[in-house]
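Notes follow the structure.
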Amino acid sequence: MDETAPLPLEGIRVLDLSHALAGPYCTMMLGDLGADVVKVEPPSGDHSRQWGPPFIKGESAYFLSVNRNKRSVVLDLKTAEGRAVAEALAMASDVVVENYKPGTAARLGLGGDKLRAARPALVYASISGFGQNQPSLPGYDQIAQGTSGMMSVNATPQGPPTKVGIPIGDISAGMFASNAILASLIERARTGRGRHIDIALNDALLALFTYQAGRLFATGRVPSREGNHHATIAPYGTFAVSDGHINIAVGSDSQFVRFCEAIGAPELGSDPRYATNPQRQASRAELAREIEARLRTASRAKWLARFEQHGIPAGPIQDIAEAFASPLATERDMRIEIEHPVAGAISQVGAPWKLDGRSTVIRRPPPVLGAHTTEVMREWLGDDAEAVKRWAAGVSSRRD
């Protein structure tokens, strides 16, 4: 993509008061879309700067993964000077994002009620584990995966409750937050007023249940542990072949008939026990045994080629390295090489959207701690002499 072309959020200022993952992931998405994101960090830096290994020349791979397209400003919010400057930066912002424990931002004088009273056009987003009205609960992804029920469905029938292999509570909360921020910015263009957005990890995970929640609400029965098989569609899941496993997703009765022909078992396609999806689902275990008996006779490559010929949805099960090396990823710019001022050449996961057929560029590498403090003060607070004076006083006191 042309690096000089404007991006959708160009000119939007985002003050990032967040740390760790949910908030930084949200603001990274806004930065990828062109927003000017200023990340406020304490003198010790975001917690995730110390999370590792791995480190790349002393830089945390974890931090690098969620903080590109941002500038870093160091402010000590434990001091009156630091808080005053942060407030001034908020007044120069379009969006503020924070993920402190509920009540903390308000105690720092940076709460949504205060800042929006001073600047009604401000869009203020708070991300926490369980919402701004649940201040006593710890807001960690692992905890929310348990309280939301996510671990109960992400398990095999005989296995223990299992967390998803990524911090899906943090990531989904960050995604939902960015979505609500964008909607609020559109509304603000019409009304001139912002919003206070309250996003909880637990809510975000509950929102992901969709049809599983629909099953619970319709039947009153708690969804069982299905493992790698679909709860309502069959055959739809993971099946063994001679050299491993593949995923197969048969989504209709006509596809099932073609699938049976593809595996050399047309009699299954005409078997009245499997004529409709509800019947196949009721006999899923028996049907899976019938299918695997055929699939184990040949390799993954052979079956995938055959299913492609017959128009059957199927695919390999890859590890992460294979996935990023696949043309499915490389031809979509999902792994991008950039240069970091300390770590050198590093890889980043590309943005998942394509705008006018092109990927958005990484305009800034993940920032070195405090690297942009002076330039941001000049750009954002140039006309606020008192705020700059307070910032200078804070810098001086740290040096003394």
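Simple scheme: letters A, B, ... for chains in structure tokens order, numbers from 1 for residues in each chain, numbers from 1 for ligands in the order shown.
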
*asked:* Quick one: residues within 7 Å of region 202-210 of chain A, only C-alpha atoms, excluding same-chain residues fewer than 3 positions away - as a list in words?
replied: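 After dropping sequence-adjacent residues, the list is Gly129, Phe130, Ala144, Ser148, Gly169, Ser172, Ala173, Ala213 and Gly214 of chain A.
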
Keeping only N, CA, C and O atoms, write the selected residues to a file as a compact mmCIF listing (two decimals), in the first residue's frame.
# COMPACT_ATOMS: atom_id res chain seq x y z
N GLY A 129 -11.93 -6.47 33.61
CA GLY A 129 -12.28 -7.88 33.58
C GLY A 129 -13.77 -8.12 33.60
O GLY A 129 -14.30 -8.95 32.86
N PHE A 130 -14.50 -7.34 34.43
CA PHE A 130 -15.90 -7.65 34.66
C PHE A 130 -16.81 -6.43 34.64
O PHE A 130 -17.98 -6.53 34.99
N ALA A 144 -11.28 -14.76 33.45
CA ALA A 144 -12.49 -14.53 32.66
C ALA A 144 -12.82 -15.74 31.78
O ALA A 144 -14.00 -16.03 31.55
N SER A 148 -16.63 -17.04 32.36
CA SER A 148 -17.53 -16.88 31.22
C SER A 148 -18.08 -18.19 30.69
O SER A 148 -19.02 -18.20 29.90
N GLY A 169 -9.96 -13.64 25.79
CA GLY A 169 -10.73 -12.63 26.50
C GLY A 169 -10.16 -11.24 26.30
O GLY A 169 -10.88 -10.28 26.00
N SER A 172 -10.55 -10.33 22.39
CA SER A 172 -11.92 -10.01 21.98
C SER A 172 -12.39 -8.72 22.64
O SER A 172 -13.09 -7.91 22.00
N ALA A 173 -12.02 -8.48 23.89
CA ALA A 173 -12.38 -7.22 24.53
C ALA A 173 -11.76 -6.04 23.81
O ALA A 173 -12.40 -5.00 23.61
N ALA A 213 -24.91 -20.24 22.97
CA ALA A 213 -25.87 -19.59 23.88
C ALA A 213 -27.29 -19.81 23.37
O ALA A 213 -28.22 -20.04 24.16
N GLY A 214 -27.46 -19.75 22.05
CA GLY A 214 -28.78 -19.99 21.49
C GLY A 214 -29.31 -21.38 21.82
O GLY A 214 -30.51 -21.55 22.11

Taking only residues of region 76-138 of chain A that have an atom at most 12 Å from an atom of region 34-45 of chain A, what is each one's shortest atom pair and its distance in Å to one decimal, using only C-alpha atoms, in chain and number order, as JSON lines?
{"residue": "A:Asp76", "atom": "CA", "partner": "A:Pro42", "partner_atom": "CA", "distance": 5.2}
{"residue": "A:Leu77", "atom": "CA", "partner": "A:Pro42", "partner_atom": "CA", "distance": 7.1}
{"residue": "A:Lys78", "atom": "CA", "partner": "A:Pro42", "partner_atom": "CA", "distance": 8.9}
{"residue": "A:Thr79", "atom": "CA", "partner": "A:Pro42", "partner_atom": "CA", "distance": 10.7}
{"residue": "A:Gly82", "atom": "CA", "partner": "A:Pro42", "partner_atom": "CA", "distance": 9.5}
{"residue": "A:Arg83", "atom": "CA", "partner": "A:Val40", "partner_atom": "CA", "distance": 10.9}
{"residue": "A:Val85", "atom": "CA", "partner": "A:Val40", "partner_atom": "CA", "distance": 10.5}
{"residue": "A:Ala86", "atom": "CA", "partner": "A:Val40", "partner_atom": "CA", "distance": 8.0}
{"residue": "A:Glu87", "atom": "CA", "partner": "A:Val40", "partner_atom": "CA", "distance": 11.4}
{"residue": "A:Leu89", "atom": "CA", "partner": "A:Val38", "partner_atom": "CA", "distance": 9.2}
{"residue": "A:Ala90", "atom": "CA", "partner": "A:Val38", "partner_atom": "CA", "distance": 10.3}
{"residue": "A:Ala92", "atom": "CA", "partner": "A:Val38", "partner_atom": "CA", "distance": 11.2}
{"residue": "A:Ser93", "atom": "CA", "partner": "A:Val38", "partner_atom": "CA", "distance": 9.5}
{"residue": "A:Asp94", "atom": "CA", "partner": "A:Ala35", "partner_atom": "CA", "distance": 9.8}
{"residue": "A:Val95", "atom": "CA", "partner": "A:Val37", "partner_atom": "CA", "distance": 9.2}
{"residue": "A:Val96", "atom": "CA", "partner": "A:Val37", "partner_atom": "CA", "distance": 9.7}
{"residue": "A:Val97", "atom": "CA", "partner": "A:Lys39", "partner_atom": "CA", "distance": 9.7}
{"residue": "A:Glu98", "atom": "CA", "partner": "A:Val40", "partner_atom": "CA", "distance": 10.2}

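Residues of region 143-344 of chain A that DSSP places in strand (DSSP E or B), based on the backbone of this structure, are His196, Ile197, Asp198, Ile199, Ala200, Tyr236, Gly237, Thr238, Phe239, Ala240, Val241, Gly244, His245, Ile246, Asn247, Ile248, Ala249, Ala314, Gly315, Pro316, Arg335, Ile336, Glu337, Ile338, Glu339, His340 and Gly344 of chain A.
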
*asked:* According to DSSP computed on the backbone, where in region 204-287 of chain A is there helix (DSSP H, G or I)? Give the residues as an MDAnalysis selection string.
replied: chainID A and resid 204:207 210:219 253:262 266:270 272:274 277:282 284:287

Selected residues written out with N, CA and C atoms, as a tab-separated table (two decimals), in the first residue's frame:
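This is the output file again29.tsv:
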chain	number	residue	atom	x	y	z
A	204	ALA	N	-17.23	-9.81	26.79
A	204	ALA	CA	-16.74	-10.09	25.44
A	204	ALA	C	-16.75	-11.58	25.15
A	205	LEU	N	-16.36	-12.38	26.13
A	205	LEU	CA	-16.36	-13.83	25.94
A	205	LEU	C	-17.79	-14.36	25.84
A	206	LEU	N	-18.70	-13.85	26.66
A	206	LEU	CA	-20.10	-14.27	26.56
A	206	LEU	C	-20.66	-13.94	25.18
A	207	ALA	N	-20.25	-12.80	24.63
A	207	ALA	CA	-20.75	-12.40	23.32
A	207	ALA	C	-20.29	-13.33	22.20
A	210	THR	N	-22.66	-17.01	20.77
A	210	THR	CA	-23.61	-17.03	19.65
A	210	THR	C	-24.50	-18.29	19.67
A	211	TYR	N	-24.25	-19.24	18.76
A	211	TYR	CA	-25.18	-20.38	18.65
A	211	TYR	C	-25.14	-21.29	19.87
A	212	GLN	N	-24.00	-21.34	20.59
A	212	GLN	CA	-23.97	-22.14	21.81
A	212	GLN	C	-24.92	-21.55	22.85
A	213	ALA	N	-24.91	-20.24	22.97
A	213	ALA	CA	-25.87	-19.59	23.88
A	213	ALA	C	-27.29	-19.81	23.37
A	214	GLY	N	-27.46	-19.75	22.05
A	214	GLY	CA	-28.78	-19.99	21.49
A	214	GLY	C	-29.31	-21.38	21.82
A	215	ARG	N	-28.44	-22.38	21.82
A	215	ARG	CA	-28.84	-23.73	22.19
A	215	ARG	C	-29.26	-23.80	23.65
A	216	LEU	N	-28.47	-23.15	24.52
A	216	LEU	CA	-28.81	-23.13	25.94
A	216	LEU	C	-30.16	-22.45	26.17
A	217	PHE	N	-30.36	-21.28	25.55
A	217	PHE	CA	-31.60	-20.54	25.76
A	217	PHE	C	-32.81	-21.30	25.20
A	218	ALA	N	-32.60	-22.05	24.11
A	218	ALA	CA	-33.71	-22.75	23.48
A	218	ALA	C	-34.11	-24.01	24.23
A	219	THR	N	-33.11	-24.69	24.83
A	219	THR	CA	-33.38	-26.00	25.41
A	219	THR	C	-33.28	-26.03	26.93
A	253	ASP	N	-27.05	-31.48	3.35
A	253	ASP	CA	-27.36	-32.86	2.99
A	253	ASP	C	-26.76	-33.22	1.63
A	254	SER	N	-26.82	-32.30	0.66
A	254	SER	CA	-26.25	-32.58	-0.66
A	254	SER	C	-24.74	-32.73	-0.59
A	255	GLN	N	-24.09	-31.92	0.24
A	255	GLN	CA	-22.65	-32.07	0.43
A	255	GLN	C	-22.33	-33.42	1.03
A	256	PHE	N	-23.16	-33.90	1.93
A	256	PHE	CA	-22.91	-35.19	2.57
A	256	PHE	C	-22.92	-36.31	1.54
A	257	VAL	N	-23.86	-36.27	0.61
A	257	VAL	CA	-23.90	-37.30	-0.43
A	257	VAL	C	-22.62	-37.27	-1.25
A	258	ARG	N	-22.15	-36.06	-1.64
A	258	ARG	CA	-20.90	-35.95	-2.40
A	258	ARG	C	-19.71	-36.40	-1.58
A	259	PHE	N	-19.73	-36.07	-0.29
A	259	PHE	CA	-18.65	-36.48	0.60
A	259	PHE	C	-18.54	-38.01	0.65
A	260	CYS	N	-19.68	-38.69	0.77
A	260	CYS	CA	-19.66	-40.15	0.83
A	260	CYS	C	-19.12	-40.75	-0.46
A	261	GLU	N	-19.46	-40.15	-1.59
A	261	GLU	CA	-18.90	-40.60	-2.86
A	261	GLU	C	-17.39	-40.38	-2.89
A	262	ALA	N	-16.94	-39.24	-2.35
A	262	ALA	CA	-15.50	-38.93	-2.37
A	262	ALA	C	-14.69	-39.91	-1.55
A	266	PRO	N	-20.53	-44.65	-1.02
A	266	PRO	CA	-21.82	-44.08	-1.41
A	266	PRO	C	-22.99	-44.65	-0.62
A	267	GLU	N	-22.80	-45.85	-0.04
A	267	GLU	CA	-23.87	-46.45	0.74
A	267	GLU	C	-24.21	-45.61	1.98
A	268	LEU	N	-23.21	-44.89	2.53
A	268	LEU	CA	-23.48	-44.02	3.67
A	268	LEU	C	-24.38	-42.86	3.27
A	269	GLY	N	-24.18	-42.38	2.04
A	269	GLY	CA	-24.98	-41.27	1.56
A	269	GLY	C	-26.44	-41.61	1.36
A	270	SER	N	-26.72	-42.91	1.14
A	270	SER	CA	-28.11	-43.34	0.95
A	270	SER	C	-28.68	-44.03	2.19
A	272	PRO	N	-30.60	-44.39	5.41
A	272	PRO	CA	-31.64	-43.55	6.02
A	272	PRO	C	-31.27	-43.01	7.40
A	273	ARG	N	-30.32	-43.66	8.08
A	273	ARG	CA	-29.89	-43.16	9.39
A	273	ARG	C	-29.19	-41.81	9.28
A	274	TYR	N	-28.65	-41.51	8.08
A	274	TYR	CA	-27.84	-40.31	7.90
A	274	TYR	C	-28.44	-39.38	6.85
A	277	ASN	N	-29.34	-33.77	8.48
A	277	ASN	CA	-28.36	-33.35	9.50
A	277	ASN	C	-28.79	-33.72	10.91
A	278	PRO	N	-30.05	-33.51	11.32
A	278	PRO	CA	-30.43	-33.94	12.67
A	278	PRO	C	-30.20	-35.44	12.90
A	279	GLN	N	-30.44	-36.26	11.87
A	279	GLN	CA	-30.20	-37.69	12.01
A	279	GLN	C	-28.71	-37.99	12.13
A	280	ARG	N	-27.93	-37.29	11.31
A	280	ARG	CA	-26.47	-37.51	11.39
A	280	ARG	C	-25.92	-37.07	12.74
A	281	GLN	N	-26.45	-35.97	13.25
A	281	GLN	CA	-25.99	-35.49	14.54
A	281	GLN	C	-26.35	-36.47	15.65
A	282	ALA	N	-27.54	-37.05	15.56
A	282	ALA	CA	-27.97	-38.02	16.57
A	282	ALA	C	-27.10	-39.28	16.56
A	284	ARG	N	-23.83	-39.27	15.53
A	284	ARG	CA	-22.53	-38.71	15.17
A	284	ARG	C	-21.37	-39.64	15.47
A	285	ALA	N	-21.34	-40.24	16.64
A	285	ALA	CA	-20.21	-41.10	17.01
A	285	ALA	C	-20.10	-42.30	16.07
A	286	GLU	N	-21.22	-42.92	15.77
A	286	GLU	CA	-21.20	-44.07	14.87
A	286	GLU	C	-20.78	-43.65	13.46
A	287	LEU	N	-21.31	-42.51	13.01
A	287	LEU	CA	-20.95	-42.01	11.69
A	287	LEU	C	-19.46	-41.68	11.61

*Work out how far CA of Leu201 (chain A) is from CA of Pro223 (chain A), in Å to one decimal.*
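Between CA of Pro223 (chain A) and CA of Leu201 (chain A) the gap works out to 21.1 Å.
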
*Quick one, how far is CA of Ile56 (chain A) from CA of Ala343 (chain A)?*
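So the two atoms, CA of Ile56 (chain A) and CA of Ala343 (chain A), lie 5.5 Å apart.
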
*How many Å separate CA of Ala189 (chain A) from CA of Val123 (chain A)?*
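Separation of CA of Ala189 (chain A) and CA of Val123 (chain A): 11.5 Å.
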